[in-house]
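Here's query.txt, which has compact mmCIF, N, CA and C atoms:
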```
# COMPACT_ATOMS: atom_id res chain seq x y z
N MET A 275 104.95 109.41 133.87
CA MET A 275 104.31 108.88 135.05
C MET A 275 105.36 108.19 135.92
N THR A 276 105.36 108.53 137.19
CA THR A 276 106.32 107.97 138.13
C THR A 276 105.70 106.81 138.89
N GLU A 277 106.46 105.76 139.03
CA GLU A 277 106.01 104.59 139.78
C GLU A 277 106.66 104.62 141.16
N TYR A 278 105.90 104.26 142.18
CA TYR A 278 106.41 104.19 143.55
C TYR A 278 106.43 102.74 143.99
N ILE A 279 107.48 102.37 144.74
CA ILE A 279 107.59 101.00 145.23
C ILE A 279 108.23 101.02 146.61
N GLN A 280 107.77 100.14 147.48
CA GLN A 280 108.34 100.05 148.82
C GLN A 280 109.73 99.44 148.75
N ALA A 281 110.59 99.83 149.69
CA ALA A 281 111.98 99.39 149.68
C ALA A 281 112.11 97.86 149.73
N GLY A 282 111.28 97.20 150.52
CA GLY A 282 111.34 95.74 150.61
C GLY A 282 111.01 95.07 149.29
N LYS A 283 110.00 95.58 148.59
CA LYS A 283 109.63 95.03 147.29
C LYS A 283 110.71 95.34 146.25
N PHE A 284 111.28 96.53 146.37
CA PHE A 284 112.37 96.90 145.46
C PHE A 284 113.55 95.94 145.62
N LYS A 285 113.88 95.64 146.87
CA LYS A 285 115.00 94.76 147.15
C LYS A 285 114.79 93.39 146.51
N ALA A 286 113.57 92.90 146.55
CA ALA A 286 113.28 91.57 146.00
C ALA A 286 113.28 91.57 144.47
N ARG A 287 112.97 92.71 143.85
CA ARG A 287 112.83 92.77 142.38
C ARG A 287 113.81 93.74 141.72
N CYS A 288 114.88 94.04 142.37
CA CYS A 288 115.82 95.07 141.92
C CYS A 288 116.24 94.92 140.45
N LEU A 289 116.74 93.76 140.07
CA LEU A 289 117.26 93.59 138.70
C LEU A 289 116.15 93.73 137.66
N LYS A 290 114.98 93.19 137.93
CA LYS A 290 113.87 93.32 136.99
C LYS A 290 113.43 94.77 136.86
N LEU A 291 113.43 95.50 137.97
CA LEU A 291 113.04 96.91 137.93
C LEU A 291 114.07 97.75 137.18
N MET A 292 115.35 97.39 137.31
CA MET A 292 116.38 98.10 136.55
C MET A 292 116.17 97.90 135.06
N ASP A 293 115.85 96.68 134.65
CA ASP A 293 115.56 96.41 133.24
C ASP A 293 114.34 97.19 132.77
N LYS A 294 113.32 97.27 133.64
CA LYS A 294 112.09 97.99 133.28
C LYS A 294 112.37 99.48 133.08
N VAL A 295 113.17 100.07 133.96
CA VAL A 295 113.52 101.48 133.84
C VAL A 295 114.29 101.73 132.55
N GLN A 296 115.20 100.85 132.22
CA GLN A 296 115.97 100.99 130.98
C GLN A 296 115.06 100.89 129.76
N ARG A 297 114.13 99.97 129.80
CA ARG A 297 113.24 99.73 128.66
C ARG A 297 112.20 100.85 128.50
N THR A 298 111.56 101.27 129.60
CA THR A 298 110.47 102.24 129.51
C THR A 298 110.91 103.68 129.63
N LYS A 299 112.15 103.91 130.11
CA LYS A 299 112.69 105.26 130.33
C LYS A 299 111.86 106.04 131.35
N ARG A 300 111.23 105.33 132.29
CA ARG A 300 110.44 105.97 133.35
C ARG A 300 111.12 105.73 134.69
N LYS A 301 111.06 106.75 135.55
CA LYS A 301 111.72 106.63 136.85
C LYS A 301 110.85 105.88 137.86
N ILE A 302 111.51 105.32 138.87
CA ILE A 302 110.83 104.63 139.96
C ILE A 302 111.33 105.25 141.26
N VAL A 303 110.38 105.66 142.11
CA VAL A 303 110.73 106.22 143.41
C VAL A 303 110.60 105.11 144.45
N ILE A 304 111.63 104.92 145.25
CA ILE A 304 111.65 103.89 146.28
C ILE A 304 111.28 104.55 147.61
N THR A 305 110.33 103.95 148.30
CA THR A 305 109.84 104.53 149.55
C THR A 305 110.15 103.63 150.74
N LYS A 306 110.23 104.26 151.88
CA LYS A 306 110.40 103.54 153.14
C LYS A 306 109.45 104.20 154.14
N ARG A 307 108.53 103.41 154.65
CA ARG A 307 107.48 103.93 155.54
C ARG A 307 106.71 105.05 154.86
N ASN A 308 106.41 104.86 153.58
CA ASN A 308 105.64 105.78 152.74
C ASN A 308 106.32 107.13 152.51
N LYS A 309 107.62 107.23 152.75
CA LYS A 309 108.38 108.44 152.45
C LYS A 309 109.40 108.13 151.37
N PRO A 310 109.48 108.96 150.33
CA PRO A 310 110.47 108.73 149.26
C PRO A 310 111.89 108.83 149.81
N ILE A 311 112.71 107.84 149.48
CA ILE A 311 114.10 107.85 149.96
C ILE A 311 115.12 107.76 148.83
N ALA A 312 114.70 107.25 147.68
CA ALA A 312 115.64 107.11 146.55
C ALA A 312 114.85 107.12 145.25
N LYS A 313 115.59 107.35 144.16
CA LYS A 313 114.98 107.39 142.84
C LYS A 313 115.83 106.59 141.87
N LEU A 314 115.21 105.69 141.14
CA LEU A 314 115.90 104.92 140.10
C LEU A 314 115.50 105.54 138.77
N VAL A 315 116.49 106.09 138.07
CA VAL A 315 116.22 106.80 136.81
C VAL A 315 117.07 106.22 135.69
N PRO A 316 116.57 106.28 134.46
CA PRO A 316 117.38 105.79 133.33
C PRO A 316 118.52 106.75 133.02
N ILE A 317 119.62 106.20 132.56
CA ILE A 317 120.75 107.02 132.13
C ILE A 317 120.47 107.50 130.72
N GLU A 318 120.71 108.79 130.49
CA GLU A 318 120.53 109.34 129.15
C GLU A 318 121.72 108.92 128.29
N GLU A 319 121.42 108.41 127.12
CA GLU A 319 122.47 107.97 126.19
C GLU A 319 123.24 109.19 125.70
N GLU A 320 124.56 109.05 125.62
CA GLU A 320 125.39 110.13 125.11
C GLU A 320 125.21 110.24 123.61
N SER A 321 125.21 111.45 123.14
CA SER A 321 125.05 111.71 121.72
C SER A 321 126.30 111.30 120.96
N SER A 322 126.12 110.74 119.78
CA SER A 322 127.26 110.34 118.96
C SER A 322 127.61 111.41 117.93
N GLN A 323 127.01 112.60 118.07
CA GLN A 323 127.30 113.68 117.14
C GLN A 323 128.70 114.22 117.39
N LEU A 324 129.40 114.50 116.30
CA LEU A 324 130.75 115.03 116.39
C LEU A 324 130.73 116.53 116.68
N PHE A 325 129.89 117.28 115.98
CA PHE A 325 129.85 118.72 116.13
C PHE A 325 129.16 119.10 117.44
N GLY A 326 129.82 119.95 118.21
CA GLY A 326 129.26 120.42 119.47
C GLY A 326 129.63 119.56 120.66
N LYS A 327 130.37 118.50 120.46
CA LYS A 327 130.71 117.59 121.55
C LYS A 327 131.61 118.26 122.59
N MET A 328 132.45 119.19 122.17
CA MET A 328 133.38 119.87 123.07
C MET A 328 132.82 121.20 123.60
N LYS A 329 131.56 121.48 123.34
CA LYS A 329 130.95 122.75 123.76
C LYS A 329 131.10 122.92 125.27
N GLY A 330 131.56 124.13 125.64
CA GLY A 330 131.71 124.44 127.05
C GLY A 330 133.02 124.00 127.68
N THR A 331 133.93 123.45 126.89
CA THR A 331 135.20 122.97 127.45
C THR A 331 136.36 123.93 127.23
N VAL A 332 136.19 124.96 126.39
CA VAL A 332 137.26 125.92 126.11
C VAL A 332 136.95 127.24 126.80
N HIS A 333 137.95 127.79 127.48
CA HIS A 333 137.78 129.06 128.17
C HIS A 333 138.81 130.04 127.61
N ILE A 334 138.35 131.16 127.08
CA ILE A 334 139.24 132.17 126.50
C ILE A 334 139.68 133.12 127.60
N VAL A 335 141.01 133.30 127.70
CA VAL A 335 141.57 134.21 128.69
C VAL A 335 142.33 135.29 127.94
N GLY A 336 141.95 136.52 128.13
CA GLY A 336 142.64 137.63 127.47
C GLY A 336 142.03 137.94 126.12
N ASP A 337 142.73 138.81 125.38
CA ASP A 337 142.26 139.26 124.07
C ASP A 337 142.86 138.38 122.99
N ILE A 338 142.03 137.62 122.29
CA ILE A 338 142.54 136.71 121.27
C ILE A 338 142.54 137.35 119.88
N VAL A 339 142.05 138.58 119.76
CA VAL A 339 141.96 139.24 118.47
C VAL A 339 143.09 140.24 118.26
N ALA A 340 143.60 140.82 119.33
CA ALA A 340 144.65 141.85 119.22
C ALA A 340 145.93 141.25 118.65
N PRO A 341 146.68 142.05 117.86
CA PRO A 341 147.94 141.55 117.29
C PRO A 341 149.00 141.36 118.38
N ILE A 342 149.94 140.46 118.11
CA ILE A 342 151.03 140.24 119.06
C ILE A 342 152.23 141.06 118.63
N ASP A 343 153.15 141.34 119.56
CA ASP A 343 154.31 142.19 119.27
C ASP A 343 155.44 141.44 118.59
N GLU A 344 155.62 140.18 118.89
CA GLU A 344 156.75 139.44 118.31
C GLU A 344 156.40 138.95 116.89
N VAL A 345 157.43 138.80 116.07
CA VAL A 345 157.26 138.35 114.70
C VAL A 345 157.68 136.89 114.64
N TRP A 346 156.86 136.09 114.02
CA TRP A 346 157.15 134.67 113.90
C TRP A 346 157.88 134.43 112.59
N ASP A 347 158.98 133.71 112.65
CA ASP A 347 159.77 133.43 111.45
C ASP A 347 159.87 131.92 111.29
N ALA A 348 159.46 131.41 110.14
CA ALA A 348 159.45 129.97 109.89
C ALA A 348 160.84 129.41 109.67
N ASP A 349 161.82 130.24 109.36
CA ASP A 349 163.17 129.79 109.08
C ASP A 349 163.98 129.52 110.35
N ARG A 350 163.52 129.91 111.49
CA ARG A 350 164.28 129.72 112.73
C ARG A 350 164.33 128.31 113.16
```
Could you write out this structure as structure tokens?
Amino acid sequence: MTEYIQAGKFKARCLKLMDKVQRTKRKIVITKRNKPIAKLVPIEEESSQLFGKMKGTVHIVGDIVAPIDEVWDADR
């Protein structure tokens, strides 16, 4: 459920409304002359899971399965 509040009332109660959004996880739409102008939404907490945290950050370029021509020698 979305709550609507006039900009003047929002200005007077800004800090309390921010606490309310954090606590209830519900958004508040701020209106001016009965038209929506802004939205106050809770920030989603970042996951503390280790696995999958880097998903989407690696991009493979070229063929990573084909053998390479040079020979690697550990004694060099």
Distance query region 287-298 of chain A at most 8 Å, only C-alpha atoms, self and fewer than 5 positions along chain excluded, as a VMD selection string:
chain A and resid 314 to 317
Identify all residues of region 276-350 of chain A in helix (DSSP H, G or I) (DSSP on the backbone) and supply them as a PDB file with N, CA and C atoms, in the coordinates of the input.
```
ATOM      1  N   ALA A 281     110.590  99.830 149.690  1.00  0.00           N
ATOM      2  CA  ALA A 281     111.980  99.390 149.680  1.00  0.00           C
ATOM      3  C   ALA A 281     112.110  97.860 149.730  1.00  0.00           C
ATOM      4  N   GLY A 282     111.280  97.200 150.520  1.00  0.00           N
ATOM      5  CA  GLY A 282     111.340  95.740 150.610  1.00  0.00           C
ATOM      6  C   GLY A 282     111.010  95.070 149.290  1.00  0.00           C
ATOM      7  N   LYS A 283     110.000  95.580 148.590  1.00  0.00           N
ATOM      8  CA  LYS A 283     109.630  95.030 147.290  1.00  0.00           C
ATOM      9  C   LYS A 283     110.710  95.340 146.250  1.00  0.00           C
ATOM     10  N   PHE A 284     111.280  96.530 146.370  1.00  0.00           N
ATOM     11  CA  PHE A 284     112.370  96.900 145.460  1.00  0.00           C
ATOM     12  C   PHE A 284     113.550  95.940 145.620  1.00  0.00           C
ATOM     13  N   LYS A 285     113.880  95.640 146.870  1.00  0.00           N
ATOM     14  CA  LYS A 285     115.000  94.760 147.150  1.00  0.00           C
ATOM     15  C   LYS A 285     114.790  93.390 146.510  1.00  0.00           C
ATOM     16  N   ALA A 286     113.570  92.900 146.550  1.00  0.00           N
ATOM     17  CA  ALA A 286     113.280  91.570 146.000  1.00  0.00           C
ATOM     18  C   ALA A 286     113.280  91.570 144.470  1.00  0.00           C
ATOM     19  N   ARG A 287     112.970  92.710 143.850  1.00  0.00           N
ATOM     20  CA  ARG A 287     112.830  92.770 142.380  1.00  0.00           C
ATOM     21  C   ARG A 287     113.810  93.740 141.720  1.00  0.00           C
ATOM     22  N   CYS A 288     114.880  94.040 142.370  1.00  0.00           N
ATOM     23  CA  CYS A 288     115.820  95.070 141.920  1.00  0.00           C
ATOM     24  C   CYS A 288     116.240  94.920 140.450  1.00  0.00           C
ATOM     25  N   LEU A 289     116.740  93.760 140.070  1.00  0.00           N
ATOM     26  CA  LEU A 289     117.260  93.590 138.700  1.00  0.00           C
ATOM     27  C   LEU A 289     116.150  93.730 137.660  1.00  0.00           C
ATOM     28  N   LYS A 290     114.980  93.190 137.930  1.00  0.00           N
ATOM     29  CA  LYS A 290     113.870  93.320 136.990  1.00  0.00           C
ATOM     30  C   LYS A 290     113.430  94.770 136.860  1.00  0.00           C
ATOM     31  N   LEU A 291     113.430  95.500 137.970  1.00  0.00           N
ATOM     32  CA  LEU A 291     113.040  96.910 137.930  1.00  0.00           C
ATOM     33  C   LEU A 291     114.070  97.750 137.180  1.00  0.00           C
ATOM     34  N   MET A 292     115.350  97.390 137.310  1.00  0.00           N
ATOM     35  CA  MET A 292     116.380  98.100 136.550  1.00  0.00           C
ATOM     36  C   MET A 292     116.170  97.900 135.060  1.00  0.00           C
ATOM     37  N   ASP A 293     115.850  96.680 134.650  1.00  0.00           N
ATOM     38  CA  ASP A 293     115.560  96.410 133.240  1.00  0.00           C
ATOM     39  C   ASP A 293     114.340  97.190 132.770  1.00  0.00           C
ATOM     40  N   LYS A 294     113.320  97.270 133.640  1.00  0.00           N
ATOM     41  CA  LYS A 294     112.090  97.990 133.280  1.00  0.00           C
ATOM     42  C   LYS A 294     112.370  99.480 133.080  1.00  0.00           C
ATOM     43  N   VAL A 295     113.170 100.070 133.960  1.00  0.00           N
ATOM     44  CA  VAL A 295     113.520 101.480 133.840  1.00  0.00           C
ATOM     45  C   VAL A 295     114.290 101.730 132.550  1.00  0.00           C
ATOM     46  N   GLN A 296     115.200 100.850 132.220  1.00  0.00           N
ATOM     47  CA  GLN A 296     115.970 100.990 130.980  1.00  0.00           C
ATOM     48  C   GLN A 296     115.060 100.890 129.760  1.00  0.00           C
ATOM     49  N   ARG A 297     114.130  99.970 129.800  1.00  0.00           N
ATOM     50  CA  ARG A 297     113.240  99.730 128.660  1.00  0.00           C
ATOM     51  C   ARG A 297     112.200 100.850 128.500  1.00  0.00           C
ATOM     52  N   THR A 298     111.560 101.270 129.600  1.00  0.00           N
ATOM     53  CA  THR A 298     110.470 102.240 129.510  1.00  0.00           C
ATOM     54  C   THR A 298     110.910 103.680 129.630  1.00  0.00           C
TER      55      THR A 298
END
```
Can you tell me how far atom C of Gly282 (chain A) sits from CA of Arg300 (chain A), in Å to one decimal?
19.3 Å
Which parts of chain A does DSSP call strand (DSSP E) when run on the backbone here, written out as a PyMOL selection string?
chain A and resi 277-280+302-306+309-314
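Taking CA of Ile302 (chain A) and atom N of Glu320 (chain A) as endpoints, the distance between them is 20.3 Å.
Going from atom N of Tyr278 (chain A) over to atom C of Glu319 (chain A), you cover 24.4 Å.
Considering the residues A:Thr305, A:Lys283, A:His333, A:Lys299 and counting only C-alpha atoms, Glu318 (chain A) has its shortest atom-to-atom contact with A:Lys299.
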Just chain A from the block, C-alpha atoms, as a PDB file, in the first residue's frame, could you?
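Contents of the output file selection.pdb:
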```pdb
ATOM      1  CA  MET A 275       0.000   0.000   0.000  1.00  0.00           C
ATOM      2  CA  THR A 276       1.377   3.377  -1.033  1.00  0.00           C
ATOM      3  CA  GLU A 277       0.951   6.438   1.131  1.00  0.00           C
ATOM      4  CA  TYR A 278       0.573   9.900  -0.414  1.00  0.00           C
ATOM      5  CA  ILE A 279       1.575  13.117   1.333  1.00  0.00           C
ATOM      6  CA  GLN A 280       1.613  16.765   0.296  1.00  0.00           C
ATOM      7  CA  ALA A 281       5.025  18.377  -0.142  1.00  0.00           C
ATOM      8  CA  GLY A 282       4.444  20.913   2.649  1.00  0.00           C
ATOM      9  CA  LYS A 283       3.529  18.190   5.146  1.00  0.00           C
ATOM     10  CA  PHE A 284       6.460  16.100   3.976  1.00  0.00           C
ATOM     11  CA  LYS A 285       8.811  19.019   4.571  1.00  0.00           C
ATOM     12  CA  ALA A 286       7.587  19.383   8.148  1.00  0.00           C
ATOM     13  CA  ARG A 287       7.836  15.638   8.937  1.00  0.00           C
ATOM     14  CA  CYS A 288      10.691  14.534   6.692  1.00  0.00           C
ATOM     15  CA  LEU A 289      12.871  12.757   9.286  1.00  0.00           C
ATOM     16  CA  LYS A 290       9.945  10.930  10.898  1.00  0.00           C
ATOM     17  CA  LEU A 291       8.705   9.799   7.484  1.00  0.00           C
ATOM     18  CA  MET A 292      12.167   8.520   6.584  1.00  0.00           C
ATOM     19  CA  ASP A 293      12.177   6.437   9.773  1.00  0.00           C
ATOM     20  CA  LYS A 294       8.682   5.159   8.957  1.00  0.00           C
ATOM     21  CA  VAL A 295       9.727   4.079   5.449  1.00  0.00           C
ATOM     22  CA  GLN A 296      12.752   2.266   6.850  1.00  0.00           C
ATOM     23  CA  ARG A 297      10.664   0.523   9.498  1.00  0.00           C
ATOM     24  CA  THR A 298       7.618  -0.435   7.386  1.00  0.00           C
ATOM     25  CA  LYS A 299       9.411  -0.933   4.024  1.00  0.00           C
ATOM     26  CA  ARG A 300       6.537   0.939   2.327  1.00  0.00           C
ATOM     27  CA  LYS A 301       7.003   3.771  -0.144  1.00  0.00           C
ATOM     28  CA  ILE A 302       5.605   7.290   0.223  1.00  0.00           C
ATOM     29  CA  VAL A 303       4.676   9.406  -2.788  1.00  0.00           C
ATOM     30  CA  ILE A 304       5.123  13.162  -2.321  1.00  0.00           C
ATOM     31  CA  THR A 305       2.626  15.346  -4.160  1.00  0.00           C
ATOM     32  CA  LYS A 306       2.480  18.983  -5.126  1.00  0.00           C
ATOM     33  CA  ARG A 307      -0.895  20.393  -6.146  1.00  0.00           C
ATOM     34  CA  ASN A 308      -2.230  16.800  -6.094  1.00  0.00           C
ATOM     35  CA  LYS A 309       0.332  15.619  -8.685  1.00  0.00           C
ATOM     36  CA  PRO A 310       3.025  13.074  -7.738  1.00  0.00           C
ATOM     37  CA  ILE A 311       6.476  14.659  -7.905  1.00  0.00           C
ATOM     38  CA  ALA A 312       8.742  12.361  -5.878  1.00  0.00           C
ATOM     39  CA  LYS A 313       8.861   8.968  -4.214  1.00  0.00           C
ATOM     40  CA  LEU A 314      10.500   8.025  -0.915  1.00  0.00           C
ATOM     41  CA  VAL A 315      11.382   4.325  -1.000  1.00  0.00           C
ATOM     42  CA  PRO A 316      13.313   2.048   1.361  1.00  0.00           C
ATOM     43  CA  ILE A 317      16.773   0.912   0.330  1.00  0.00           C
ATOM     44  CA  GLU A 318      17.037  -2.823  -0.186  1.00  0.00           C
ATOM     45  CA  GLU A 319      19.640  -4.356   2.097  1.00  0.00           C
ATOM     46  CA  GLU A 320      22.574  -5.929   0.290  1.00  0.00           C
ATOM     47  CA  SER A 321      22.856  -9.667   0.620  1.00  0.00           C
ATOM     48  CA  SER A 322      25.678 -10.984   2.774  1.00  0.00           C
ATOM     49  CA  GLN A 323      25.883 -14.207   0.770  1.00  0.00           C
ATOM     50  CA  LEU A 324      29.313 -15.013  -0.593  1.00  0.00           C
ATOM     51  CA  PHE A 325      28.247 -17.237  -3.496  1.00  0.00           C
ATOM     52  CA  GLY A 326      26.864 -15.342  -6.472  1.00  0.00           C
ATOM     53  CA  LYS A 327      28.026 -11.928  -5.279  1.00  0.00           C
ATOM     54  CA  MET A 328      30.152 -11.388  -8.409  1.00  0.00           C
ATOM     55  CA  LYS A 329      27.452 -12.619 -10.819  1.00  0.00           C
ATOM     56  CA  GLY A 330      27.384 -10.561 -13.995  1.00  0.00           C
ATOM     57  CA  THR A 331      30.797  -8.958 -13.487  1.00  0.00           C
ATOM     58  CA  VAL A 332      32.900 -11.282 -15.709  1.00  0.00           C
ATOM     59  CA  HIS A 333      32.766 -11.037 -19.492  1.00  0.00           C
ATOM     60  CA  ILE A 334      34.338 -13.808 -21.597  1.00  0.00           C
ATOM     61  CA  VAL A 335      36.013 -12.624 -24.792  1.00  0.00           C
ATOM     62  CA  GLY A 336      37.081 -15.230 -27.326  1.00  0.00           C
ATOM     63  CA  ASP A 337      37.323 -19.006 -27.023  1.00  0.00           C
ATOM     64  CA  ILE A 338      38.355 -20.053 -23.517  1.00  0.00           C
ATOM     65  CA  VAL A 339      38.214 -23.800 -24.253  1.00  0.00           C
ATOM     66  CA  ALA A 340      40.508 -24.076 -27.297  1.00  0.00           C
ATOM     67  CA  PRO A 341      44.145 -25.074 -26.642  1.00  0.00           C
ATOM     68  CA  ILE A 342      46.869 -22.448 -26.872  1.00  0.00           C
ATOM     69  CA  ASP A 343      49.891 -22.759 -29.188  1.00  0.00           C
ATOM     70  CA  GLU A 344      52.658 -21.824 -26.749  1.00  0.00           C
ATOM     71  CA  VAL A 345      53.986 -24.264 -24.151  1.00  0.00           C
ATOM     72  CA  TRP A 346      54.298 -23.102 -20.584  1.00  0.00           C
ATOM     73  CA  ASP A 347      57.445 -24.170 -18.758  1.00  0.00           C
ATOM     74  CA  ALA A 348      57.690 -23.790 -14.981  1.00  0.00           C
ATOM     75  CA  ASP A 349      61.506 -23.828 -15.038  1.00  0.00           C
ATOM     76  CA  ARG A 350      61.824 -20.527 -16.917  1.00  0.00           C
TER      77      ARG A 350
END
```
